>>> print(open('target_26.cif').read())   # mmCIF, C-alpha atoms
data_start
#
loop_
_atom_site.group_PDB
_atom_site.id
_atom_site.type_symbol
_atom_site.label_atom_id
_atom_site.label_comp_id
_atom_site.auth_asym_id
_atom_site.auth_seq_id
_atom_site.Cartn_x
_atom_site.Cartn_y
_atom_site.Cartn_z
ATOM 1 C CA MET A 1 68.095 96.529 216.837
ATOM 2 C CA ARG A 2 66.426 94.567 214.060
ATOM 3 C CA LEU A 3 68.346 92.723 211.366
ATOM 4 C CA HIS A 4 66.077 94.186 208.697
ATOM 5 C CA ASP A 5 67.192 97.718 209.613
ATOM 6 C CA SER A 6 69.888 97.144 206.986
ATOM 7 C CA ASP A 7 70.113 95.578 203.538
ATOM 8 C CA LEU A 8 73.829 94.925 204.062
ATOM 9 C CA ILE A 9 74.891 91.450 205.090
ATOM 10 C CA ASP A 10 78.087 92.773 206.687
ATOM 11 C CA GLU A 11 76.020 94.887 209.076
ATOM 12 C CA ALA A 12 73.629 92.021 209.833
ATOM 13 C CA ARG A 13 76.604 89.784 210.584
ATOM 14 C CA GLU A 14 78.187 92.426 212.843
ATOM 15 C CA LEU A 15 74.898 92.910 214.699
ATOM 16 C CA TRP A 16 74.464 89.179 215.303
ATOM 17 C CA ARG A 17 78.046 88.899 216.550
ATOM 18 C CA ALA A 18 77.487 91.801 218.938
ATOM 19 C CA ARG A 19 74.375 90.146 220.318
ATOM 20 C CA ARG A 20 76.300 86.925 220.963
ATOM 21 C CA GLY A 21 79.400 88.709 222.221
ATOM 22 C CA ASP A 22 81.422 86.526 219.847
ATOM 23 C CA PRO A 23 83.592 88.002 217.053
ATOM 24 C CA GLY A 24 84.062 84.644 215.308
ATOM 25 C CA ASP A 25 82.312 83.178 212.289
ATOM 26 C CA LEU A 26 78.660 82.285 212.641
ATOM 27 C CA PRO A 27 77.501 78.680 212.121
ATOM 28 C CA GLY A 28 76.505 78.068 208.529
ATOM 29 C CA ILE A 29 78.367 81.123 207.242
ATOM 30 C CA ARG A 30 81.757 81.368 205.568
ATOM 31 C CA SER A 31 83.471 84.748 205.474
ATOM 32 C CA GLU A 32 86.709 86.163 204.130
ATOM 33 C CA GLU A 33 88.243 89.636 203.981
ATOM 34 C CA ARG A 34 90.789 90.536 201.327
ATOM 35 C CA ALA A 35 92.011 93.307 199.087
ATOM 36 C CA CYS A 36 90.567 94.024 195.650
ATOM 37 C CA GLY A 37 93.064 96.399 194.111
ATOM 38 C CA PRO A 38 93.157 99.505 196.341
ATOM 39 C CA PHE A 39 89.834 98.587 197.964
ATOM 40 C CA SER A 40 88.713 96.070 200.560
ATOM 41 C CA LEU A 41 86.410 93.174 199.706
ATOM 42 C CA SER A 42 84.274 91.207 202.138
ATOM 43 C CA GLU A 43 83.101 87.823 200.877
ATOM 44 C CA VAL A 44 80.299 86.180 202.849
ATOM 45 C CA GLU A 45 78.641 82.928 201.847
ATOM 46 C CA VAL A 46 75.458 81.853 203.609
ATOM 47 C CA LEU A 47 75.570 78.062 203.409
ATOM 48 C CA THR A 48 72.675 76.728 205.509
ATOM 49 C CA PRO A 49 69.129 77.626 206.561
ATOM 50 C CA GLN A 50 70.500 78.247 210.064
ATOM 51 C CA GLY A 51 72.981 80.770 208.686
ATOM 52 C CA ALA A 52 70.272 82.452 206.650
ATOM 53 C CA GLU A 53 68.076 82.798 209.725
ATOM 54 C CA GLN A 54 70.902 84.297 211.781
ATOM 55 C CA VAL A 55 71.616 87.139 209.347
ATOM 56 C CA GLY A 56 68.137 87.483 207.873
ATOM 57 C CA LYS A 57 69.412 86.995 204.312
ATOM 58 C CA PRO A 58 68.846 84.208 201.745
ATOM 59 C CA ALA A 59 71.510 81.560 201.243
ATOM 60 C CA GLY A 60 74.061 82.521 198.622
ATOM 61 C CA LEU A 61 77.231 84.496 197.989
ATOM 62 C CA TYR A 62 77.547 88.169 199.001
ATOM 63 C CA LEU A 63 80.439 90.377 197.912
ATOM 64 C CA THR A 64 80.891 93.789 199.547
ATOM 65 C CA LEU A 65 83.296 96.368 198.145
ATOM 66 C CA THR A 66 84.263 99.247 200.410
ATOM 67 C CA LEU A 67 85.254 102.174 198.213
ATOM 68 C CA GLU A 68 85.358 104.945 200.841
ATOM 69 C CA ALA A 69 85.567 108.412 199.225
ATOM 70 C CA LEU A 70 86.988 107.111 195.957
ATOM 71 C CA LEU A 71 83.631 107.097 194.191
ATOM 72 C CA HIS A 72 84.143 110.672 193.052
ATOM 73 C CA ARG A 73 85.195 110.727 189.428
ATOM 74 C CA ARG A 74 88.857 111.484 189.831
ATOM 75 C CA ALA A 75 90.529 109.584 187.002
ATOM 76 C CA ALA A 76 92.629 106.950 188.786
ATOM 77 C CA PRO A 77 90.303 106.088 191.713
ATOM 78 C CA PHE A 78 87.217 106.022 189.481
ATOM 79 C CA SER A 79 88.913 103.751 186.967
ATOM 80 C CA ALA A 80 90.016 101.374 189.737
ATOM 81 C CA ALA A 81 86.529 101.352 191.263
ATOM 82 C CA VAL A 82 84.908 100.558 187.899
ATOM 83 C CA GLY A 83 87.359 97.683 187.449
ATOM 84 C CA ALA A 84 86.615 96.361 190.943
ATOM 85 C CA VAL A 85 82.847 96.400 190.353
ATOM 86 C CA ALA A 86 83.294 94.755 186.939
ATOM 87 C CA GLU A 87 85.411 91.979 188.446
ATOM 88 C CA GLN A 88 82.801 91.103 191.068
ATOM 89 C CA VAL A 89 79.862 91.251 188.626
ATOM 90 C CA GLU A 90 81.758 88.918 186.318
ATOM 91 C CA ARG A 91 82.334 86.494 189.213
ATOM 92 C CA LEU A 92 78.614 86.256 189.976
ATOM 93 C CA LEU A 93 77.339 86.183 186.404
ATOM 94 C CA PRO A 94 76.770 82.645 185.079
ATOM 95 C CA PRO A 95 79.408 81.913 182.407
ATOM 96 C CA GLU A 96 76.729 80.617 180.032
ATOM 97 C CA ALA A 97 74.761 83.905 180.150
ATOM 98 C CA GLU A 98 74.901 85.101 176.556
ATOM 99 C CA GLN A 99 72.035 87.625 176.737
ATOM 100 C CA VAL A 100 71.581 89.794 179.834
ATOM 101 C CA LEU A 101 68.867 92.172 181.034
ATOM 102 C CA VAL A 102 69.951 94.971 183.402
ATOM 103 C CA VAL A 103 67.088 96.264 185.560
ATOM 104 C CA GLY A 104 67.162 99.563 187.427
ATOM 105 C CA LEU A 105 64.819 99.468 190.431
ATOM 106 C CA GLY A 106 63.542 102.514 192.289
ATOM 107 C CA ASN A 107 61.923 105.905 191.803
ATOM 108 C CA ARG A 108 63.742 108.258 189.452
ATOM 109 C CA ALA A 109 61.929 111.250 190.990
ATOM 110 C CA VAL A 110 63.265 110.558 194.516
ATOM 111 C CA THR A 111 67.013 111.176 194.504
ATOM 112 C CA PRO A 112 68.114 108.629 197.148
ATOM 113 C CA ASP A 113 66.001 105.993 195.369
ATOM 114 C CA ALA A 114 67.221 106.846 191.846
ATOM 115 C CA VAL A 115 70.394 104.718 191.790
ATOM 116 C CA GLY A 116 68.715 101.901 189.848
ATOM 117 C CA PRO A 117 67.095 103.957 187.061
ATOM 118 C CA ARG A 118 70.147 106.167 186.640
ATOM 119 C CA THR A 119 72.434 103.139 186.480
ATOM 120 C CA ALA A 120 70.228 101.702 183.719
ATOM 121 C CA ASP A 121 70.768 104.980 181.842
ATOM 122 C CA THR A 122 74.541 104.465 181.838
ATOM 123 C CA VAL A 123 74.641 100.790 180.827
ATOM 124 C CA LEU A 124 75.900 100.061 177.317
ATOM 125 C CA VAL A 125 72.861 98.496 175.602
ATOM 126 C CA THR A 126 73.673 96.377 172.561
ATOM 127 C CA ARG A 127 70.836 93.924 171.910
ATOM 128 C CA HIS A 128 69.342 96.013 169.095
ATOM 129 C CA LEU A 129 72.752 96.559 167.525
ATOM 130 C CA VAL A 130 73.671 92.883 167.582
ATOM 131 C CA ASP A 131 70.273 91.995 166.065
ATOM 132 C CA ARG A 132 70.350 94.604 163.291
ATOM 133 C CA ALA A 133 74.026 94.771 162.380
ATOM 134 C CA PRO A 134 75.689 91.517 163.450
ATOM 135 C CA GLU A 135 78.502 92.034 160.943
ATOM 136 C CA VAL A 136 79.582 95.120 162.935
ATOM 137 C CA PHE A 137 78.444 94.352 166.488
ATOM 138 C CA GLY A 138 78.453 90.565 166.524
ATOM 139 C CA ALA A 139 81.325 90.465 169.021
ATOM 140 C CA PHE A 140 79.225 92.273 171.657
ATOM 141 C CA ARG A 141 77.087 90.441 174.218
ATOM 142 C CA PRO A 142 73.391 91.318 173.690
ATOM 143 C CA VAL A 143 72.439 93.565 176.633
ATOM 144 C CA SER A 144 69.098 95.264 177.338
ATOM 145 C CA ALA A 145 68.333 97.792 180.078
ATOM 146 C CA LEU A 146 65.057 98.569 181.831
ATOM 147 C CA ALA A 147 64.073 101.188 184.406
ATOM 148 C CA ALA A 148 61.109 99.350 185.874
ATOM 149 C CA GLY A 149 59.425 102.282 187.625
ATOM 150 C CA VAL A 150 57.438 102.093 190.862
ATOM 151 C CA LEU A 151 53.909 101.049 191.746
ATOM 152 C CA GLY A 152 52.752 104.595 192.524
ATOM 153 C CA ASN A 153 53.690 105.827 189.046
ATOM 154 C CA THR A 154 52.855 102.832 186.859
ATOM 155 C CA GLY A 155 50.157 100.907 188.744
ATOM 156 C CA MET A 156 52.359 97.829 188.372
ATOM 157 C CA GLU A 157 54.820 96.210 190.743
ATOM 158 C CA SER A 158 58.334 96.538 189.354
ATOM 159 C CA GLY A 159 58.638 92.765 189.684
ATOM 160 C CA GLU A 160 55.583 92.281 187.475
ATOM 161 C CA VAL A 161 57.116 94.526 184.812
ATOM 162 C CA VAL A 162 60.451 92.689 184.985
ATOM 163 C CA GLN A 163 58.729 89.305 184.876
ATOM 164 C CA ALA A 164 56.851 90.315 181.715
ATOM 165 C CA VAL A 165 59.988 91.644 180.017
ATOM 166 C CA VAL A 166 61.944 88.513 180.938
ATOM 167 C CA GLY A 167 59.164 86.440 179.419
ATOM 168 C CA ALA A 168 59.354 88.421 176.183
ATOM 169 C CA LEU A 169 63.136 88.767 175.801
ATOM 170 C CA LYS A 170 64.143 85.475 177.415
ATOM 171 C CA PRO A 171 67.539 86.652 178.717
ATOM 172 C CA ASP A 172 69.965 84.171 180.233
ATOM 173 C CA ALA A 173 70.416 86.292 183.373
ATOM 174 C CA VAL A 174 69.178 89.474 185.044
ATOM 175 C CA ILE A 175 71.288 92.060 186.852
ATOM 176 C CA ALA A 176 69.081 94.056 189.236
ATOM 177 C CA VAL A 177 70.361 97.374 190.632
ATOM 178 C CA ASP A 178 68.768 99.158 193.581
ATOM 179 C CA ALA A 179 69.437 101.677 196.343
ATOM 180 C CA LEU A 180 69.896 100.075 199.761
ATOM 181 C CA CYS A 181 69.399 100.986 203.412
ATOM 182 C CA ALA A 182 72.336 100.868 205.856
ATOM 183 C CA ARG A 183 72.799 101.215 209.617
ATOM 184 C CA SER A 184 76.010 103.252 209.362
ATOM 185 C CA VAL A 185 76.356 106.722 207.846
ATOM 186 C CA ARG A 186 79.906 105.943 206.765
ATOM 187 C CA ARG A 187 78.606 103.269 204.389
ATOM 188 C CA LEU A 188 76.374 105.639 202.430
ATOM 189 C CA GLY A 189 77.669 105.871 198.884
ATOM 190 C CA SER A 190 80.894 104.099 199.771
ATOM 191 C CA THR A 191 79.754 100.454 199.835
ATOM 192 C CA VAL A 192 78.725 98.280 196.896
ATOM 193 C CA GLN A 193 77.027 94.989 197.763
ATOM 194 C CA LEU A 194 76.650 92.289 195.111
ATOM 195 C CA SER A 195 75.020 88.888 195.478
ATOM 196 C CA ASN A 196 73.680 85.939 193.509
ATOM 197 C CA THR A 197 70.527 85.727 195.650
ATOM 198 C CA GLY A 198 68.288 88.195 193.859
ATOM 199 C CA ILE A 199 66.658 91.185 195.514
ATOM 200 C CA ALA A 200 63.403 92.284 197.162
ATOM 201 C CA PRO A 201 62.894 95.984 196.319
ATOM 202 C CA GLY A 202 62.130 98.117 199.380
ATOM 203 C CA SER A 203 63.028 95.462 201.951
ATOM 204 C CA GLY A 204 65.485 97.701 203.801
ATOM 205 C CA VAL A 205 62.903 100.412 204.401
ATOM 206 C CA GLY A 206 60.089 98.085 205.436
ATOM 207 C CA SER A 207 58.152 97.970 202.148
ATOM 208 C CA ALA A 208 59.378 94.774 200.485
ATOM 209 C CA ARG A 209 57.777 94.093 197.109
ATOM 210 C CA PHE A 210 57.745 91.342 194.492
ATOM 211 C CA ALA A 211 61.155 89.675 194.879
ATOM 212 C CA LEU A 212 63.354 89.322 191.818
ATOM 213 C CA THR A 213 64.929 85.891 192.189
ATOM 214 C CA ALA A 214 65.745 82.848 190.102
ATOM 215 C CA GLU A 215 62.508 81.301 191.416
ATOM 216 C CA THR A 216 60.265 84.216 190.360
ATOM 217 C CA LEU A 217 61.965 85.045 187.048
ATOM 218 C CA GLY A 218 63.213 81.628 185.952
ATOM 219 C CA VAL A 219 66.760 82.873 185.288
ATOM 220 C CA PRO A 220 69.742 83.661 187.570
ATOM 221 C CA VAL A 221 69.581 87.113 189.193
ATOM 222 C CA VAL A 222 72.647 89.105 190.239
ATOM 223 C CA ALA A 223 71.796 91.893 192.703
ATOM 224 C CA VAL A 224 73.882 95.071 192.887
ATOM 225 C CA GLY A 225 73.194 97.850 195.367
ATOM 226 C CA VAL A 226 74.599 100.890 197.130
ATOM 227 C CA PRO A 227 73.180 102.248 200.416
ATOM 228 C CA THR A 228 71.870 105.811 200.230
ATOM 229 C CA VAL A 229 69.760 106.084 203.400
ATOM 230 C CA VAL A 230 69.833 105.225 207.111
ATOM 231 C CA ARG A 231 66.783 104.944 209.359
ATOM 232 C CA ALA A 232 66.554 107.929 211.695
ATOM 233 C CA GLU A 233 65.547 105.710 214.622
ATOM 234 C CA VAL A 234 68.709 103.617 214.107
ATOM 235 C CA LEU A 235 70.893 106.742 214.255
ATOM 236 C CA ALA A 236 69.061 107.989 217.323
ATOM 237 C CA ALA A 237 69.663 104.691 219.117
ATOM 238 C CA GLN A 238 73.328 104.678 218.138
ATOM 239 C CA TRP A 239 73.826 108.263 219.279
ATOM 240 C CA GLY A 240 72.067 107.883 222.627
ATOM 241 C CA GLY A 241 68.513 108.869 221.745
ATOM 242 C CA GLN A 242 65.780 108.108 224.254
ATOM 243 C CA PRO A 243 63.647 105.035 223.429
ATOM 244 C CA GLU A 244 60.387 106.913 224.136
ATOM 245 C CA GLY A 245 61.210 109.407 221.376
ATOM 246 C CA GLN A 246 62.068 106.868 218.717
ATOM 247 C CA ASP A 247 58.493 106.188 217.614
ATOM 248 C CA ASP A 248 58.429 109.644 216.047
ATOM 249 C CA LEU A 249 61.480 108.698 213.965
ATOM 250 C CA ALA A 250 60.232 105.350 212.679
ATOM 251 C CA SER A 251 59.039 106.767 209.351
ATOM 252 C CA LEU A 252 62.066 109.014 208.745
ATOM 253 C CA LEU A 253 65.060 108.198 206.552
ATOM 254 C CA VAL A 254 68.318 110.157 206.626
ATOM 255 C CA THR A 255 70.421 110.806 203.529
ATOM 256 C CA PRO A 256 73.563 112.967 202.969
ATOM 257 C CA LYS A 257 73.129 116.599 201.912
ATOM 258 C CA GLU A 258 75.279 115.900 198.827
ATOM 259 C CA ILE A 259 72.982 113.063 197.726
ATOM 260 C CA ASP A 260 72.552 114.485 194.199
ATOM 261 C CA ALA A 261 76.272 114.272 193.451
ATOM 262 C CA LEU A 262 76.605 110.957 195.281
ATOM 263 C CA VAL A 263 73.842 109.276 193.254
ATOM 264 C CA ALA A 264 75.262 110.656 190.003
ATOM 265 C CA ASP A 265 78.722 109.278 190.837
ATOM 266 C CA VAL A 266 77.471 105.926 192.092
ATOM 267 C CA SER A 267 75.149 105.374 189.135
ATOM 268 C CA LYS A 268 77.888 106.024 186.605
ATOM 269 C CA LEU A 269 80.263 103.787 188.535
ATOM 270 C CA LEU A 270 77.772 100.899 188.575
ATOM 271 C CA GLY A 271 76.690 101.396 184.967
ATOM 272 C CA TYR A 272 80.270 101.418 183.726
ATOM 273 C CA GLY A 273 81.289 98.499 185.938
ATOM 274 C CA ILE A 274 78.363 96.360 184.772
ATOM 275 C CA SER A 275 79.042 97.283 181.134
ATOM 276 C CA MET A 276 82.704 96.388 181.460
ATOM 277 C CA ALA A 277 81.795 93.025 183.011
ATOM 278 C CA LEU A 278 79.331 92.262 180.222
ATOM 279 C CA GLN A 279 81.539 93.411 177.356
ATOM 280 C CA THR A 280 84.911 91.907 178.179
ATOM 281 C CA GLY A 281 87.793 93.611 176.463
ATOM 282 C CA LEU A 282 86.336 97.128 176.642
ATOM 283 C CA ARG A 283 88.351 99.748 178.504
ATOM 284 C CA LEU A 284 87.027 102.729 180.432
ATOM 285 C CA ASP A 285 87.894 105.147 177.627
ATOM 286 C CA ASP A 286 86.012 102.871 175.184
ATOM 287 C CA LEU A 287 82.914 103.115 177.368
ATOM 288 C CA GLU A 288 83.259 106.876 177.681
ATOM 289 C CA ALA A 289 83.351 107.144 173.889
ATOM 290 C CA LEU A 290 80.435 104.743 173.301
ATOM 291 C CA LEU A 291 78.191 106.264 175.971
ATOM 292 C CA SER A 292 78.921 109.955 175.348
#
>>> encode(input="target_26.cif", output="structure tokens")
Amino acid sequence: MRLHDSDLIDEARELWRARRGDPGDLPGIRSEERACGPFSLSEVEVLTPQGAEQVGKPAGLYLTLTLEALLHRRAAPFSAAVGAVAEQVERLLPPEAEQVLVVGLGNRAVTPDAVGPRTADTVLVTRHLVDRAPEVFGAFRPVSALAAGVLGNTGMESGEVVQAVVGALKPDAVIAVDALCARSVRRLGSTVQLSNTGIAPGSGVGSARFALTAETLGVPVVAVGVPTVVRAEVLAAQWGGQPEGQDDLASLLVTPKEIDALVADVSKLLGYGISMALQTGLRLDDLEALLS
């Protein structure tokens, strides 16, 4: 199995361990598992080029929240999940980032790929308010949101669009949100991965595009993603499929039948969590009122 069958560093790390037959830490990688409220948090830091090569991910810090079935908007679990996402976004965001651009990557018309655009819809945008009425909104951090679209609809790489907007707005940091690809069905919609390494849209499904990183954009990039698909050939291999039949599955992606509800829940969770991280002091009911 290939490391790039998944966007999740936890799965890449597990796969490399299985290949070596060694459950311990990999050279050049620091890892820690702990609780984050009622959820579990995996913290993996890729420290060296050797570590990056082993897991197929850039050097940096990766935080993975496992939320299980608590993404559904029942009051207490949803509130706790929003707080957990906010806490991890705040950890990765540079403290000096006064103005932030939130970018939703993906295709709004394709439900499993719509997490980014729909998250951008639920972010509390304040840049225009701070500019026009500082006496009322001056305490808010200036935040902009962009659904970058996809090449097939716009004729432009999403990275090119983001690069142009960053050049015009000159934010201090970018938060990029995208749907991810996993190797395990149980991770779909129940895992949130955050990192300070940036993101390459489409990398998990074999169509990597213009990477959004500190090097390409000139500002720090925090990546946030939730897996919504698994490769069919990966599932076939895991469930005992015959190798000679897997070529027919190479172009197929599998997603849950309740993907509409899952994407709606996940997008609101991420949008609220990012907003709470960016506007410290706001509570969930404040966001509900401001975004309704």
>>> atom_distance(input="target_26.cif", atom1="CA of Val229 in chain A", atom2="CA of Val254 in chain A")
5.4 Å
>>> residues_around(input="target_26.cif", residues="Thr119 in chain A", least_positions_apart="4", cutoff="9 Å", atoms="all atoms listed in the file", output="PDB file with C-alpha atoms, keeping the file's coordinate frame")
ATOM      1  CA  VAL A 103      67.088  96.264 185.560  1.00  0.00           C
ATOM      2  CA  GLY A 104      67.162  99.563 187.427  1.00  0.00           C
ATOM      3  CA  ALA A 114      67.221 106.846 191.846  1.00  0.00           C
ATOM      4  CA  VAL A 115      70.394 104.718 191.790  1.00  0.00           C
ATOM      5  CA  VAL A 123      74.641 100.790 180.827  1.00  0.00           C
ATOM      6  CA  ALA A 147      64.073 101.188 184.406  1.00  0.00           C
ATOM      7  CA  VAL A 177      70.361  97.374 190.632  1.00  0.00           C
ATOM      8  CA  ASP A 178      68.768  99.158 193.581  1.00  0.00           C
ATOM      9  CA  ALA A 264      75.262 110.656 190.003  1.00  0.00           C
ATOM     10  CA  VAL A 266      77.471 105.926 192.092  1.00  0.00           C
ATOM     11  CA  SER A 267      75.149 105.374 189.135  1.00  0.00           C
ATOM     12  CA  LYS A 268      77.888 106.024 186.605  1.00  0.00           C
ATOM     13  CA  LEU A 269      80.263 103.787 188.535  1.00  0.00           C
ATOM     14  CA  LEU A 270      77.772 100.899 188.575  1.00  0.00           C
ATOM     15  CA  GLY A 271      76.690 101.396 184.967  1.00  0.00           C
ATOM     16  CA  TYR A 272      80.270 101.418 183.726  1.00  0.00           C
TER      17      TYR A 272
END
>>> resolve_selection(input="target_26.cif", expression="the PyMOL selection byres ((chain A and resi 86) around 12)", output="number ranges by chain")
A: 36, 65, 79-85, 87-93, 192, 194, 224, 269-284
>>> write_last_selection(input="target_26.cif", atoms="C-alpha atoms", output="JSON list (two decimals), in the frame of the given file")
[["chain", "number", "residue", "atom", "x", "y", "z"],
["A", 36, "CYS", "CA", 90.57, 94.02, 195.65],
["A", 65, "LEU", "CA", 83.30, 96.37, 198.14],
["A", 79, "SER", "CA", 88.91, 103.75, 186.97],
["A", 80, "ALA", "CA", 90.02, 101.37, 189.74],
["A", 81, "ALA", "CA", 86.53, 101.35, 191.26],
["A", 82, "VAL", "CA", 84.91, 100.56, 187.90],
["A", 83, "GLY", "CA", 87.36, 97.68, 187.45],
["A", 84, "ALA", "CA", 86.62, 96.36, 190.94],
["A", 85, "VAL", "CA", 82.85, 96.40, 190.35],
["A", 87, "GLU", "CA", 85.41, 91.98, 188.45],
["A", 88, "GLN", "CA", 82.80, 91.10, 191.07],
["A", 89, "VAL", "CA", 79.86, 91.25, 188.63],
["A", 90, "GLU", "CA", 81.76, 88.92, 186.32],
["A", 91, "ARG", "CA", 82.33, 86.49, 189.21],
["A", 92, "LEU", "CA", 78.61, 86.26, 189.98],
["A", 93, "LEU", "CA", 77.34, 86.18, 186.40],
["A", 192, "VAL", "CA", 78.72, 98.28, 196.90],
["A", 194, "LEU", "CA", 76.65, 92.29, 195.11],
["A", 224, "VAL", "CA", 73.88, 95.07, 192.89],
["A", 269, "LEU", "CA", 80.26, 103.79, 188.54],
["A", 270, "LEU", "CA", 77.77, 100.90, 188.58],
["A", 271, "GLY", "CA", 76.69, 101.40, 184.97],
["A", 272, "TYR", "CA", 80.27, 101.42, 183.73],
["A", 273, "GLY", "CA", 81.29, 98.50, 185.94],
["A", 274, "ILE", "CA", 78.36, 96.36, 184.77],
["A", 275, "SER", "CA", 79.04, 97.28, 181.13],
["A", 276, "MET", "CA", 82.70, 96.39, 181.46],
["A", 277, "ALA", "CA", 81.80, 93.02, 183.01],
["A", 278, "LEU", "CA", 79.33, 92.26, 180.22],
["A", 279, "GLN", "CA", 81.54, 93.41, 177.36],
["A", 280, "THR", "CA", 84.91, 91.91, 178.18],
["A", 281, "GLY", "CA", 87.79, 93.61, 176.46],
["A", 282, "LEU", "CA", 86.34, 97.13, 176.64],
["A", 283, "ARG", "CA", 88.35, 99.75, 178.50],
["A", 284, "LEU", "CA", 87.03, 102.73, 180.43]]
>>> residues_around(input="target_26.cif", residues="Leu212 in chain A", least_positions_apart="2", cutoff="7 Å", atoms="only C-alpha atoms", output="list in words")
Gly159, Gly198, Ile199, Ala200, Phe210, Thr216 and Leu217 of chain A
>>> atom_distance(input="target_26.cif", atom1="CA of Val222 in chain A", atom2="CA of Val102 in chain A")
9.4 Å
>>> closest_residue(input="target_26.cif", among="A:Ala176, A:Val221, A:Ala35, A:Val55", to="Leu8 in chain A", atoms="all atoms listed in the file")
A:Val55
>>> resolve_selection(input="target_26.cif", expression="the PyMOL selection byres ((chain A and resi 258) around 12)", output="VMD selection string")
chain A and resid 72 111 to 112 188 to 189 228 254 to 257 259 to 265
>>> resolve_selection(input="target_26.cif", expression="the PyMOL selection byres ((chain A and resi 27-30) around 8)", output="short mmCIF file (atom, residue, chain, number, x, y, z; two decimals) with C-alpha atoms, in the coordinates of the input")
data_model
loop_
_atom_site.label_atom_id
_atom_site.label_comp_id
_atom_site.auth_asym_id
_atom_site.auth_seq_id
_atom_site.Cartn_x
_atom_site.Cartn_y
_atom_site.Cartn_z
CA ASP A 25 82.31 83.18 212.29
CA LEU A 26 78.66 82.28 212.64
CA SER A 31 83.47 84.75 205.47
CA GLU A 32 86.71 86.16 204.13
CA VAL A 44 80.30 86.18 202.85
CA GLU A 45 78.64 82.93 201.85
CA VAL A 46 75.46 81.85 203.61
CA LEU A 47 75.57 78.06 203.41
CA THR A 48 72.68 76.73 205.51
CA PRO A 49 69.13 77.63 206.56
CA GLN A 50 70.50 78.25 210.06
CA GLY A 51 72.98 80.77 208.69
CA ALA A 52 70.27 82.45 206.65
#
>>> closest_residue(input="target_26.cif", among="A:Leu253, A:Leu41, A:Arg13, A:Val185", to="Glu53 in chain A", atoms="only C-alpha atoms")
A:Arg13
>>> atom_distance(input="target_26.cif", atom1="CA of Gly225 in chain A", atom2="CA of Ala148 in chain A")
15.4 Å
>>> axis_aligned_box(input="target_26.cif", around="range 216-220 of chain A", padding_each_side="4 Å", output="JSON")
{"center_x": 65.0, "center_y": 83.3, "center_z": 187.8, "size_x": 17.5, "size_y": 11.4, "size_z": 13.1}
>>> closest_residue(input="target_26.cif", among="A:Asp131, A:Ser6, A:Thr122, A:Gly56", to="Val234 in chain A", atoms="all atoms listed in the file")
A:Ser6
>>> residues_near_point(input="target_26.cif", point="(69.3, 94.7, 181.4)", cutoff="8 Å", atoms="all atoms listed in the file", output="number ranges by chain")
A: 100-103, 120, 125, 143-146, 174-176
>>> closest_residue(input="target_26.cif", among="A:Arg183, A:Arg127, A:Gly60, A:Arg132", to="Leu15 in chain A", atoms="all atoms listed in the file")
A:Arg183
>>> closest_residue(input="target_26.cif", among="A:Gln54, A:Ser190, A:Gln163, A:Thr154", to="Gly218 in chain A", atoms="all atoms listed in the file")
A:Gln163
>>> closest_residue(input="target_26.cif", among="A:Cys181, A:Ala237, A:Leu287, A:Val226", to="Leu67 in chain A", atoms="all atoms listed in the file")
A:Val226
